[in-house]
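Below: one structure, written as structure tokens.
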Amino acid sequence: MALIDLDKIIVKRTILGIRCTVCGGNLVVSPKKSVTSHLARILSLGTARAEDYECETCKKRYVLL
């Protein structure tokens, strides 16, 4: 019987139905916030929530409003 080390398991939230336009890979939520997403939130006075995503394969970054 095998043992599973729970500290090494990484769960990433992927966006279903949206693919990378360059390579067709999955988009994953990015931990870093871009300047564009901060500006969108400030200019909309907090009504729009801009989220940053990154492609798993080519590392291209996207901002979704």
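Ordering of the structure tokens sets the chain letters (A, B, ...); residue numbers start at 1 within each chain; ligands are numbered from 1 in the order shown.
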| message | Env of stretch 27-41 of chain A: 10 Å cut, atoms = only C-alpha atoms, seq-sep filter 4 positions within chain, self excluded. Answer as a ChimeraX atom specification. | response | /A:12-20,45-57,59-65
Please, could you write that set of residues out with C-alpha atoms as an mmCIF file, in the first residue's frame?
```cif
data_model
loop_
_atom_site.group_PDB
_atom_site.id
_atom_site.type_symbol
_atom_site.label_atom_id
_atom_site.label_comp_id
_atom_site.auth_asym_id
_atom_site.auth_seq_id
_atom_site.Cartn_x
_atom_site.Cartn_y
_atom_site.Cartn_z
ATOM 1 C CA LYS A 12 -4.691 24.690 -9.150
ATOM 2 C CA ARG A 13 -8.017 26.242 -10.095
ATOM 3 C CA THR A 14 -8.425 26.145 -13.876
ATOM 4 C CA ILE A 15 -10.935 28.046 -15.955
ATOM 5 C CA LEU A 16 -13.185 25.694 -17.894
ATOM 6 C CA GLY A 17 -14.084 26.702 -21.435
ATOM 7 C CA ILE A 18 -11.447 29.434 -21.805
ATOM 8 C CA ARG A 19 -8.195 28.497 -23.495
ATOM 9 C CA CYS A 20 -4.974 30.342 -24.237
ATOM 10 C CA LEU A 45 -14.609 52.252 -8.058
ATOM 11 C CA GLY A 46 -14.588 48.579 -7.068
ATOM 12 C CA THR A 47 -17.546 47.442 -9.177
ATOM 13 C CA ALA A 48 -15.474 45.480 -11.728
ATOM 14 C CA ARG A 49 -13.353 42.628 -10.442
ATOM 15 C CA ALA A 50 -10.374 42.053 -12.715
ATOM 16 C CA GLU A 51 -8.669 38.697 -12.208
ATOM 17 C CA ASP A 52 -5.262 37.651 -13.490
ATOM 18 C CA TYR A 53 -4.744 34.296 -15.201
ATOM 19 C CA GLU A 54 -1.682 32.586 -16.619
ATOM 20 C CA CYS A 55 -1.363 29.839 -19.222
ATOM 21 C CA GLU A 56 0.107 26.605 -17.854
ATOM 22 C CA THR A 57 2.242 25.848 -20.904
ATOM 23 C CA LYS A 59 3.142 31.347 -19.273
ATOM 24 C CA LYS A 60 1.265 34.116 -21.148
ATOM 25 C CA ARG A 61 -0.714 36.327 -18.750
ATOM 26 C CA TYR A 62 -4.340 37.423 -19.188
ATOM 27 C CA VAL A 63 -6.638 39.850 -17.346
ATOM 28 C CA LEU A 64 -10.339 38.936 -17.309
ATOM 29 C CA LEU A 65 -12.959 41.460 -16.248
#
```
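All residues of chain A that DSSP, run on the backbone, classes as helix (DSSP H, G or I) are Leu6, Asp7, Lys8, Val35, Thr36, Ser37, His38, Leu39, Ala40, Arg41, Ile42 and Leu43 of chain A.
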Those residues you just picked out, can you put them in a file as a tab-separated table (two decimals), in the first residue's frame with C-alpha atoms?
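Output file result_5.tsv follows:
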```
chain	number	residue	atom	x	y	z
A	6	LEU	CA	-0.29	15.68	1.30
A	7	ASP	CA	2.27	18.52	1.50
A	8	LYS	CA	3.40	17.86	-2.07
A	35	VAL	CA	-0.95	46.91	-12.80
A	36	THR	CA	-3.79	46.71	-15.33
A	37	SER	CA	-6.05	44.82	-12.93
A	38	HIS	CA	-5.31	47.32	-10.15
A	39	LEU	CA	-6.13	50.24	-12.45
A	40	ALA	CA	-9.37	48.60	-13.62
A	41	ARG	CA	-10.53	48.18	-10.03
A	42	ILE	CA	-9.63	51.76	-9.10
A	43	LEU	CA	-11.24	53.33	-12.18
```
| message | From a backbone DSSP assignment, name each residue in chain A labelled strand (DSSP E or B), as a PyMOL selection string. | response | chain A and resi 14-19+26-29+51-55+61-64
Take the residues just selected and output them with N, CA and C atoms as an mmCIF file, in the first residue's frame.
```cif
data_model
loop_
_atom_site.group_PDB
_atom_site.id
_atom_site.type_symbol
_atom_site.label_atom_id
_atom_site.label_comp_id
_atom_site.auth_asym_id
_atom_site.auth_seq_id
_atom_site.Cartn_x
_atom_site.Cartn_y
_atom_site.Cartn_z
ATOM 1 N N THR A 14 -8.471 25.842 -12.455
ATOM 2 C CA THR A 14 -8.425 26.145 -13.876
ATOM 3 C C THR A 14 -9.760 26.695 -14.327
ATOM 4 N N ILE A 15 -9.740 27.465 -15.384
ATOM 5 C CA ILE A 15 -10.935 28.046 -15.955
ATOM 6 C C ILE A 15 -11.428 27.120 -17.051
ATOM 7 N N LEU A 16 -12.639 26.608 -16.908
ATOM 8 C CA LEU A 16 -13.185 25.694 -17.894
ATOM 9 C C LEU A 16 -13.792 26.481 -19.042
ATOM 10 N N GLY A 17 -13.501 26.072 -20.263
ATOM 11 C CA GLY A 17 -14.084 26.702 -21.435
ATOM 12 C C GLY A 17 -13.260 27.831 -22.004
ATOM 13 N N ILE A 18 -12.290 28.354 -21.288
ATOM 14 C CA ILE A 18 -11.447 29.434 -21.805
ATOM 15 C C ILE A 18 -10.037 28.868 -21.979
ATOM 16 N N ARG A 19 -9.524 29.006 -23.179
ATOM 17 C CA ARG A 19 -8.195 28.497 -23.495
ATOM 18 C C ARG A 19 -7.257 29.641 -23.855
ATOM 19 N N ASN A 26 -4.415 25.454 -20.750
ATOM 20 C CA ASN A 26 -5.356 25.818 -19.689
ATOM 21 C C ASN A 26 -4.911 27.095 -18.993
ATOM 22 N N LEU A 27 -5.891 27.907 -18.585
ATOM 23 C CA LEU A 27 -5.600 29.112 -17.818
ATOM 24 C C LEU A 27 -5.748 28.812 -16.335
ATOM 25 N N VAL A 28 -4.768 29.259 -15.550
ATOM 26 C CA VAL A 28 -4.727 29.045 -14.110
ATOM 27 C C VAL A 28 -4.682 30.409 -13.432
ATOM 28 N N VAL A 29 -5.321 30.535 -12.276
ATOM 29 C CA VAL A 29 -5.317 31.788 -11.528
ATOM 30 C C VAL A 29 -3.883 32.123 -11.128
ATOM 31 N N GLU A 51 -9.459 39.808 -12.737
ATOM 32 C CA GLU A 51 -8.669 38.697 -12.208
ATOM 33 C C GLU A 51 -7.571 38.337 -13.194
ATOM 34 N N ASP A 52 -6.419 37.987 -12.666
ATOM 35 C CA ASP A 52 -5.262 37.651 -13.490
ATOM 36 C C ASP A 52 -5.154 36.139 -13.641
ATOM 37 N N TYR A 53 -4.905 35.711 -14.880
ATOM 38 C CA TYR A 53 -4.744 34.296 -15.201
ATOM 39 C C TYR A 53 -3.473 34.113 -15.996
ATOM 40 N N GLU A 54 -2.918 32.897 -15.921
ATOM 41 C CA GLU A 54 -1.682 32.586 -16.619
ATOM 42 C C GLU A 54 -1.832 31.230 -17.289
ATOM 43 N N CYS A 55 -1.315 31.112 -18.501
ATOM 44 C CA CYS A 55 -1.363 29.839 -19.222
ATOM 45 C C CYS A 55 -0.374 28.862 -18.585
ATOM 46 N N ARG A 61 0.187 35.833 -19.783
ATOM 47 C CA ARG A 61 -0.714 36.327 -18.750
ATOM 48 C C ARG A 61 -1.922 37.008 -19.372
ATOM 49 N N TYR A 62 -3.092 36.842 -18.738
ATOM 50 C CA TYR A 62 -4.340 37.423 -19.188
ATOM 51 C C TYR A 62 -5.024 38.115 -18.019
ATOM 52 N N VAL A 63 -5.803 39.166 -18.341
ATOM 53 C CA VAL A 63 -6.638 39.850 -17.346
ATOM 54 C C VAL A 63 -8.068 39.718 -17.810
ATOM 55 N N LEU A 64 -8.923 39.102 -16.977
ATOM 56 C CA LEU A 64 -10.339 38.936 -17.309
ATOM 57 C C LEU A 64 -11.167 39.823 -16.405
#
```
